[in-house]
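Step one of this worksheet: look at the structure below.
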Amino acid sequence: MSHPMTDLAAPGVRALKPYQPGKSISELEREYGVHDIIKLASNENPLGPGPGVLEAIQAEMGDIARYPDAGGFELKQALARRHGVNADCVTLGNGSNDVLVLLAEAFLQDTLEAVYSRYSFAVYMIAVQAVGATARVAEANPPGHAQPLGHDLPAMARLVTDKTRIVFVANPNNPTGTWVGSAELRALIDEMPRETLVVVDQAYREYMVDPDYPDCVEWLDQYPNLVVTQTFSKAFGLAGLRIGYSISHPQVADVLNRVRQPFNVNNLANVAALAALADTEYLQRSVAMNNNERERLEAACVRLGLDYVPSAGNFVLVDMGQPAGPVYESLLRRSIIVRPVGNYALPNHLRISVGTPEENGRLFAALEDLVVA
Ligand SMILES: *Cc1c(COP(=O)(O)O)cnc(C)c1O
C-alpha cells in the first residue's frame, strides 16, 4: 500500500520512528482501570518540585497573557553564576531536547554526519535523522565491562571523519546509567578536529558524586567546539514544564539563537527554573534520597538474582533474564509503570526509575512476586 502524504515528508523524516515515551499515569488508568499508580518510567524526581517553585509559578500566573522574556535574561544570569561562565554562553531550550534538536538543525545537513553510541539517548538518532544527516553508531562496551553497554569512546573516535560535525556523549547515559571518567573524555575531545562539536549531555549531572566525574563546563575555555547540555527535568523536578539549556562558546550560542524559536521557554518554566536554582537544600535532599534508594534498588536486584547495569543516574537498567514484555505487563496490572527498552534493542531489559522509599517498597514486593514465583 502506498502512503502518498508520507512520501511527501523530507527524506530523513520518512524513515523516522517517533520517540516512545513512558506510559503516563492517566493512560494506564484509562487502559487498565487501575488506581493508586506509581510511575517509575521517565526518570522524573519522585519528590516533585520544591515549595519555592510552586510559589514562583503561582506568582507568575497573572502574567501568562504576556509573551515570555525572549532573551531569558534573568535565568541566563543565574545559570552563568552557577556555572562560572558568561551569560552569552547559555542557550535556553524547551527542555534540553530542544537544544539537542537546535544543534542538529544548525550544524548538520544531508552531506554531514554525527556519531553516537549504541544504547545512547534515543533523541540523538531522531535529531540527526530528521535533518537528513548520517548517523554513525559506535558499538558499546561489552556486557562484562566495568561500564557494561556504556560508551566506548575510542570506538566513537574511530567513526569520526571530515564530515562529522557532532559527536554526542551522554554522561551519564540513559538508558544504561553508565558514565565516562575525566581522562577518557578529555582524550576524546583532544582528538577531535575543531570542526567537530562534542556535545556532552549532562542531564543527570546533579546525581554524580564520583570525584573522577568531569563537569565538562570547566573545560569550555579550552575547547571552542565543546557544548554541554543540562536540564531541569531530572533532579530539579521540572520535567512537565520543559526547560533545559546548553553552555558553549558564545559563537555556538549565537548560531543556536538564529534557529531557536524566540519564545521557546515559557513564563512559568522561566520563573520555576530560577526558584529551583535558588533552593540548593531541596536539590541536595533529592539527590541524597535518589542515591540511597538507587542502592536499595540495586540490592533488590541482587536478592532477586537479576543482573543490572550499575547506575550513576536516577534509574537502573535491569536484565530480566527473559523477554521483559510480560514482566512489564504484570507490573502495569499492579499499578506500577516502568520502561521497556525494546526500542533500544534491549528486549530483556527494563529501565526502572528510582522512586521514593514507599514507591520502591511496592516495586520490590511486586518484583519478588513476579520473578521468584
Ligand atoms: C531526560 C534526558 C534529557 C532531556 O530531557 P529534557 O526533559 O528535554 O531536558 C536529555 N538527555 C538525556 C540523556 C536524558 O535522559
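Every chain in the C-alpha cells has a letter given in the order shown (A, B, ...), and although residue numbers restart at 1 in each chain, ligands are simply numbered from 1 in the order shown.
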Inset, instruction - Report as a ChimeraX atom specification which protein, DNA and RNA residues come within 8 Å of ligand 1, using only C-alpha atoms and all ligand atoms. - result: /A:42-43,94-98,120-121,123,170-175,201-204,229-234,239-240,242-245
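Using only C-alpha atoms, the residues found no farther than 9 Å from Arg136 in chain A, other than those of its own chain fewer than 6 positions away, are Glu113, Ala114, Val115, Tyr116, Ser117, Met156, Leu159 and Val160 of chain A.
Residue nearest Cys89 in chain A, chosen from A:Lys39, A:Ser182, A:Asp221, A:Tyr282 and counting only C-alpha atoms: A:Asp221.
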Inset, instruction - Tell me, as a PyMOL selection string, which residues lie within 12 Å of range 359-361 of chain A, counting only C-alpha atoms; anything in the same chain fewer than 2 positions away does not count. - result: chain A and resi 36-40+46-47+289-290+292-301+315+335-338+352-357+363-368
Keeping only N, CA, C and O atoms, take the residues you just selected and write them out as a compact mmCIF listing (two decimals), in the first residue's frame.
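Dumped everything to again.txt:
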# COMPACT_ATOMS: atom_id res chain seq x y z
N ASP A 36 -4.14 4.27 42.12
CA ASP A 36 -3.01 4.30 43.05
C ASP A 36 -1.72 3.91 42.32
O ASP A 36 -0.96 3.06 42.77
N ILE A 37 -1.53 4.58 41.18
CA ILE A 37 -0.46 4.19 40.27
C ILE A 37 0.86 4.85 40.66
O ILE A 37 0.89 6.01 41.08
N ILE A 38 1.95 4.11 40.55
CA ILE A 38 3.27 4.74 40.68
C ILE A 38 3.99 4.65 39.34
O ILE A 38 3.95 3.64 38.66
N LYS A 39 4.62 5.76 38.98
CA LYS A 39 5.30 5.82 37.70
C LYS A 39 6.81 5.88 37.91
O LYS A 39 7.32 6.84 38.49
N LEU A 40 7.48 4.84 37.48
CA LEU A 40 8.94 4.76 37.59
C LEU A 40 9.49 4.57 36.18
O LEU A 40 10.26 3.65 35.92
N PRO A 46 10.89 11.96 41.98
CA PRO A 46 9.64 11.46 42.61
C PRO A 46 9.16 12.38 43.73
O PRO A 46 8.01 12.26 44.16
N LEU A 47 10.00 13.30 44.19
CA LEU A 47 9.56 14.24 45.22
C LEU A 47 8.84 15.45 44.61
O LEU A 47 8.28 16.27 45.33
N MET A 289 18.32 11.36 48.51
CA MET A 289 17.30 10.31 48.52
C MET A 289 17.50 9.38 47.34
O MET A 289 17.46 8.15 47.47
N ASN A 290 17.74 9.95 46.18
CA ASN A 290 17.92 9.12 44.98
C ASN A 290 19.09 8.16 45.16
O ASN A 290 18.98 6.96 44.88
N ASN A 292 20.54 7.01 47.83
CA ASN A 292 20.22 5.94 48.80
C ASN A 292 19.29 4.91 48.21
O ASN A 292 19.49 3.70 48.35
N GLU A 293 18.23 5.40 47.60
CA GLU A 293 17.21 4.49 47.07
C GLU A 293 17.72 3.69 45.88
O GLU A 293 17.31 2.56 45.66
N ARG A 294 18.62 4.28 45.13
CA ARG A 294 19.22 3.55 43.99
C ARG A 294 20.01 2.35 44.52
O ARG A 294 19.95 1.26 43.96
N GLU A 295 20.69 2.56 45.65
CA GLU A 295 21.41 1.44 46.27
C GLU A 295 20.45 0.34 46.69
O GLU A 295 20.73 -0.85 46.52
N ARG A 296 19.31 0.76 47.26
CA ARG A 296 18.30 -0.25 47.66
C ARG A 296 17.78 -1.00 46.45
O ARG A 296 17.54 -2.21 46.51
N LEU A 297 17.56 -0.28 45.35
CA LEU A 297 17.06 -0.92 44.14
C LEU A 297 18.08 -1.92 43.60
O LEU A 297 17.73 -3.04 43.21
N GLU A 298 19.34 -1.53 43.61
CA GLU A 298 20.37 -2.44 43.11
C GLU A 298 20.51 -3.65 44.04
O GLU A 298 20.69 -4.78 43.58
N ALA A 299 20.36 -3.42 45.35
CA ALA A 299 20.42 -4.53 46.30
C ALA A 299 19.24 -5.48 46.09
O ALA A 299 19.39 -6.71 46.18
N ALA A 300 18.08 -4.93 45.76
CA ALA A 300 16.91 -5.77 45.50
C ALA A 300 17.17 -6.63 44.26
O ALA A 300 16.79 -7.81 44.23
N CYS A 301 17.84 -6.08 43.26
CA CYS A 301 18.17 -6.86 42.06
C CYS A 301 19.07 -8.04 42.44
O CYS A 301 18.85 -9.17 41.99
N PHE A 315 17.91 6.00 37.76
CA PHE A 315 17.23 4.86 37.16
C PHE A 315 18.22 3.71 37.10
O PHE A 315 19.44 3.94 37.20
N SER A 335 -0.36 -1.65 38.93
CA SER A 335 -0.31 -0.18 39.02
C SER A 335 1.10 0.38 39.08
O SER A 335 1.32 1.44 39.66
N ILE A 336 2.05 -0.34 38.50
CA ILE A 336 3.44 0.16 38.50
C ILE A 336 3.90 0.29 37.05
O ILE A 336 3.88 -0.68 36.29
N ILE A 337 4.30 1.51 36.69
CA ILE A 337 4.78 1.75 35.32
C ILE A 337 6.30 1.81 35.33
O ILE A 337 6.89 2.65 36.03
N VAL A 338 6.94 0.92 34.59
CA VAL A 338 8.38 1.03 34.36
C VAL A 338 8.58 1.19 32.85
O VAL A 338 7.61 1.34 32.11
N ILE A 352 14.18 1.07 35.16
CA ILE A 352 13.32 1.40 36.30
C ILE A 352 13.84 2.67 36.96
O ILE A 352 14.99 2.73 37.42
N SER A 353 13.00 3.70 36.99
CA SER A 353 13.41 4.93 37.66
C SER A 353 13.35 4.74 39.17
O SER A 353 12.52 3.99 39.68
N VAL A 354 14.24 5.42 39.86
CA VAL A 354 14.29 5.33 41.32
C VAL A 354 13.15 6.17 41.90
O VAL A 354 13.03 7.36 41.58
N GLY A 355 12.33 5.57 42.74
CA GLY A 355 11.19 6.28 43.34
C GLY A 355 11.48 6.71 44.76
O GLY A 355 12.63 6.73 45.22
N THR A 356 10.40 7.06 45.47
CA THR A 356 10.52 7.33 46.90
C THR A 356 10.67 6.00 47.63
O THR A 356 10.40 4.94 47.05
N PRO A 357 11.05 6.02 48.92
CA PRO A 357 11.16 4.75 49.65
C PRO A 357 9.87 3.92 49.59
O PRO A 357 9.93 2.70 49.40
N LEU A 363 7.46 -1.60 44.56
CA LEU A 363 8.10 -2.21 43.39
C LEU A 363 8.79 -3.51 43.77
O LEU A 363 8.63 -4.53 43.10
N PHE A 364 9.57 -3.49 44.87
CA PHE A 364 10.31 -4.70 45.25
C PHE A 364 9.36 -5.85 45.54
O PHE A 364 9.59 -6.98 45.14
N ALA A 365 8.27 -5.55 46.25
CA ALA A 365 7.30 -6.60 46.58
C ALA A 365 6.72 -7.20 45.30
O ALA A 365 6.59 -8.43 45.17
N ALA A 366 6.39 -6.34 44.35
CA ALA A 366 5.81 -6.83 43.10
C ALA A 366 6.82 -7.67 42.33
O ALA A 366 6.49 -8.74 41.81
N LEU A 367 8.06 -7.20 42.27
CA LEU A 367 9.08 -7.94 41.53
C LEU A 367 9.33 -9.31 42.17
O LEU A 367 9.51 -10.31 41.49
N GLU A 368 9.32 -9.32 43.50
CA GLU A 368 9.54 -10.57 44.21
C GLU A 368 8.48 -11.60 43.81
O GLU A 368 8.79 -12.73 43.51
Inset, instruction - Find the residue from A:Ile57, A:Leu317, A:Leu306, A:Val271 that sits nearest to Leu75 in chain A; use only C-alpha atoms when measuring. - result: A:Val271
Legend entry - Residue set, range 55-140 of chain A restricted to alpha helix (DSSP H), as a PyMOL selection string: chain A and resi 55-60+73-83+96-107+122-130
Determine, counting only C-alpha atoms, which protein, DNA and RNA residues have an atom within 9 Å of an atom of Leu370 in chain A; residues of the same chain fewer than 5 positions away are not included. Present the result as an mmCIF file with all heavy atoms, in the first residue's frame.
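Result went into selection_32.cif, see below:
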data_model
loop_
_atom_site.group_PDB
_atom_site.id
_atom_site.type_symbol
_atom_site.label_atom_id
_atom_site.label_comp_id
_atom_site.auth_asym_id
_atom_site.auth_seq_id
_atom_site.Cartn_x
_atom_site.Cartn_y
_atom_site.Cartn_z
ATOM 1 N N VAL A 327 6.764 -9.164 32.027
ATOM 2 C CA VAL A 327 7.003 -8.600 33.365
ATOM 3 C C VAL A 327 6.473 -7.167 33.410
ATOM 4 O O VAL A 327 5.797 -6.754 34.364
ATOM 5 C CB VAL A 327 8.511 -8.612 33.721
ATOM 6 C CG1 VAL A 327 8.719 -8.096 35.143
ATOM 7 C CG2 VAL A 327 9.096 -10.013 33.557
ATOM 8 N N SER A 330 2.741 -7.325 33.692
ATOM 9 C CA SER A 330 2.293 -7.723 35.031
ATOM 10 C C SER A 330 2.457 -6.580 36.022
ATOM 11 O O SER A 330 1.625 -6.395 36.913
ATOM 12 C CB SER A 330 3.084 -8.931 35.533
ATOM 13 O OG SER A 330 2.968 -9.984 34.621
ATOM 14 N N LEU A 331 3.526 -5.798 35.861
ATOM 15 C CA LEU A 331 3.713 -4.639 36.745
ATOM 16 C C LEU A 331 2.613 -3.602 36.481
ATOM 17 O O LEU A 331 2.089 -2.995 37.428
ATOM 18 C CB LEU A 331 5.103 -4.024 36.544
ATOM 19 C CG LEU A 331 6.280 -4.833 37.111
ATOM 20 C CD1 LEU A 331 7.613 -4.237 36.673
ATOM 21 C CD2 LEU A 331 6.213 -4.912 38.644
ATOM 22 N N ALA A 365 8.268 -5.548 46.245
ATOM 23 C CA ALA A 365 7.299 -6.600 46.585
ATOM 24 C C ALA A 365 6.716 -7.201 45.301
ATOM 25 O O ALA A 365 6.593 -8.425 45.172
ATOM 26 C CB ALA A 365 6.191 -6.031 47.466
#
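In this comparison, which uses only C-alpha atoms, the residue of A:Ala41, A:Leu238, A:Ile189, A:Ser311 approaching Arg351 in chain A most closely is A:Ala41.
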Inset, instruction - Tell me, as a ChimeraX atom specification, which residues lie within 9 Å of range 257-259 of chain A, counting only C-alpha atoms; anything in the same chain fewer than 2 positions away does not count. - result: /A:91,102,105-106,252-255,261-262
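Proximity ranking of A:Pro143, A:Gly72, A:Gly132, A:Gly52 relative to Val13 in chain A places A:Gly132 first, based on only C-alpha atoms.
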Inset, instruction - Name the residues of range 305-346 of chain A that fall into strand (DSSP E or B) according to DSSP on the backbone, using the chain letters and numbers of this document, as a PyMOL selection string. - result: chain A and resi 307-309+315-319+336-337+339-341+346
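Neighbours of Arg82 in chain A closer than or equal to 10 Å, with only C-alpha atoms counted and sequence neighbours fewer than 6 positions away skipped, come out as Lys76, Leu277 and Ala278 of chain A.
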Legend entry - Separation of CA of Ala135 in chain A from CA of Gly325 in chain A, in Å and rounded to one decimal: 28.4 Å
Legend entry - One-decimal distance in Å that lies between CA of Glu329 in chain A and CA of Tyr32 in chain A: 10.3 Å
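Counting from CA of Arg158 in chain A, the distance to CA of Leu188 in chain A is 10.2 Å.
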Legend entry - Given only C-alpha atoms as the counted atoms, nearest of A:Tyr67, A:Tyr344, A:Ala324, A:Val372 to Leu304 in chain A: A:Val372
Counting only C-alpha atoms, what is within 8 Å of Ile166 in chain A, bar same-chain residues fewer than 3 positions away, as a compact mmCIF listing (two decimals) with all heavy atoms, in the first residue's frame?
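For reference, out36.txt as written:
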# COMPACT_ATOMS: atom_id res chain seq x y z
N ALA A 104 21.42 19.97 16.00
CA ALA A 104 21.36 19.20 14.75
C ALA A 104 20.92 20.10 13.59
O ALA A 104 21.50 20.06 12.51
CB ALA A 104 20.42 18.01 14.91
N PHE A 107 23.88 22.61 12.72
CA PHE A 107 25.23 22.17 12.34
C PHE A 107 25.26 20.95 11.41
O PHE A 107 26.32 20.56 10.95
CB PHE A 107 26.06 21.88 13.59
CG PHE A 107 26.42 23.14 14.35
CD1 PHE A 107 25.66 23.56 15.43
CD2 PHE A 107 27.51 23.91 13.95
CE1 PHE A 107 25.97 24.73 16.12
CE2 PHE A 107 27.83 25.08 14.64
CZ PHE A 107 27.06 25.49 15.72
N LEU A 108 24.10 20.32 11.16
CA LEU A 108 24.09 19.13 10.31
C LEU A 108 23.28 19.38 9.05
O LEU A 108 22.43 20.26 9.01
CB LEU A 108 23.49 17.94 11.07
CG LEU A 108 24.27 17.41 12.28
CD1 LEU A 108 23.47 16.34 12.99
CD2 LEU A 108 25.64 16.87 11.86
N GLU A 113 27.68 14.17 8.97
CA GLU A 113 27.50 13.00 9.84
C GLU A 113 27.57 13.37 11.32
O GLU A 113 28.16 14.37 11.70
CB GLU A 113 28.62 11.98 9.55
CG GLU A 113 28.64 11.52 8.11
CD GLU A 113 29.74 10.51 7.81
OE1 GLU A 113 30.56 10.20 8.71
OE2 GLU A 113 29.78 10.06 6.66
N ALA A 114 26.94 12.51 12.11
CA ALA A 114 27.06 12.61 13.56
C ALA A 114 27.39 11.23 14.12
O ALA A 114 27.04 10.21 13.51
CB ALA A 114 25.76 13.12 14.18
N VAL A 115 28.06 11.21 15.26
CA VAL A 115 28.46 9.95 15.89
C VAL A 115 27.84 9.88 17.27
O VAL A 115 27.82 10.88 18.01
CB VAL A 115 30.01 9.88 16.01
CG1 VAL A 115 30.44 8.69 16.87
CG2 VAL A 115 30.66 9.80 14.62
N THR A 196 34.44 19.55 14.56
CA THR A 196 33.52 18.57 15.14
C THR A 196 33.11 19.02 16.54
O THR A 196 33.95 19.10 17.43
CB THR A 196 34.21 17.19 15.22
OG1 THR A 196 34.61 16.81 13.91
CG2 THR A 196 33.26 16.15 15.79
N LEU A 197 31.83 19.31 16.70
CA LEU A 197 31.34 19.67 18.03
C LEU A 197 31.23 18.41 18.88
O LEU A 197 30.74 17.38 18.41
CB LEU A 197 29.94 20.29 17.94
CG LEU A 197 29.78 21.62 17.23
CD1 LEU A 197 28.31 22.05 17.29
CD2 LEU A 197 30.64 22.70 17.86
N VAL A 198 31.70 18.49 20.11
CA VAL A 198 31.47 17.41 21.07
C VAL A 198 30.36 17.89 22.01
O VAL A 198 30.54 18.86 22.75
CB VAL A 198 32.74 17.06 21.86
CG1 VAL A 198 32.45 15.92 22.84
CG2 VAL A 198 33.87 16.69 20.92
N VAL A 199 29.21 17.24 21.92
CA VAL A 199 28.06 17.62 22.75
C VAL A 199 28.00 16.65 23.93
O VAL A 199 27.73 15.46 23.75
CB VAL A 199 26.75 17.56 21.94
CG1 VAL A 199 25.56 17.87 22.84
CG2 VAL A 199 26.81 18.55 20.77
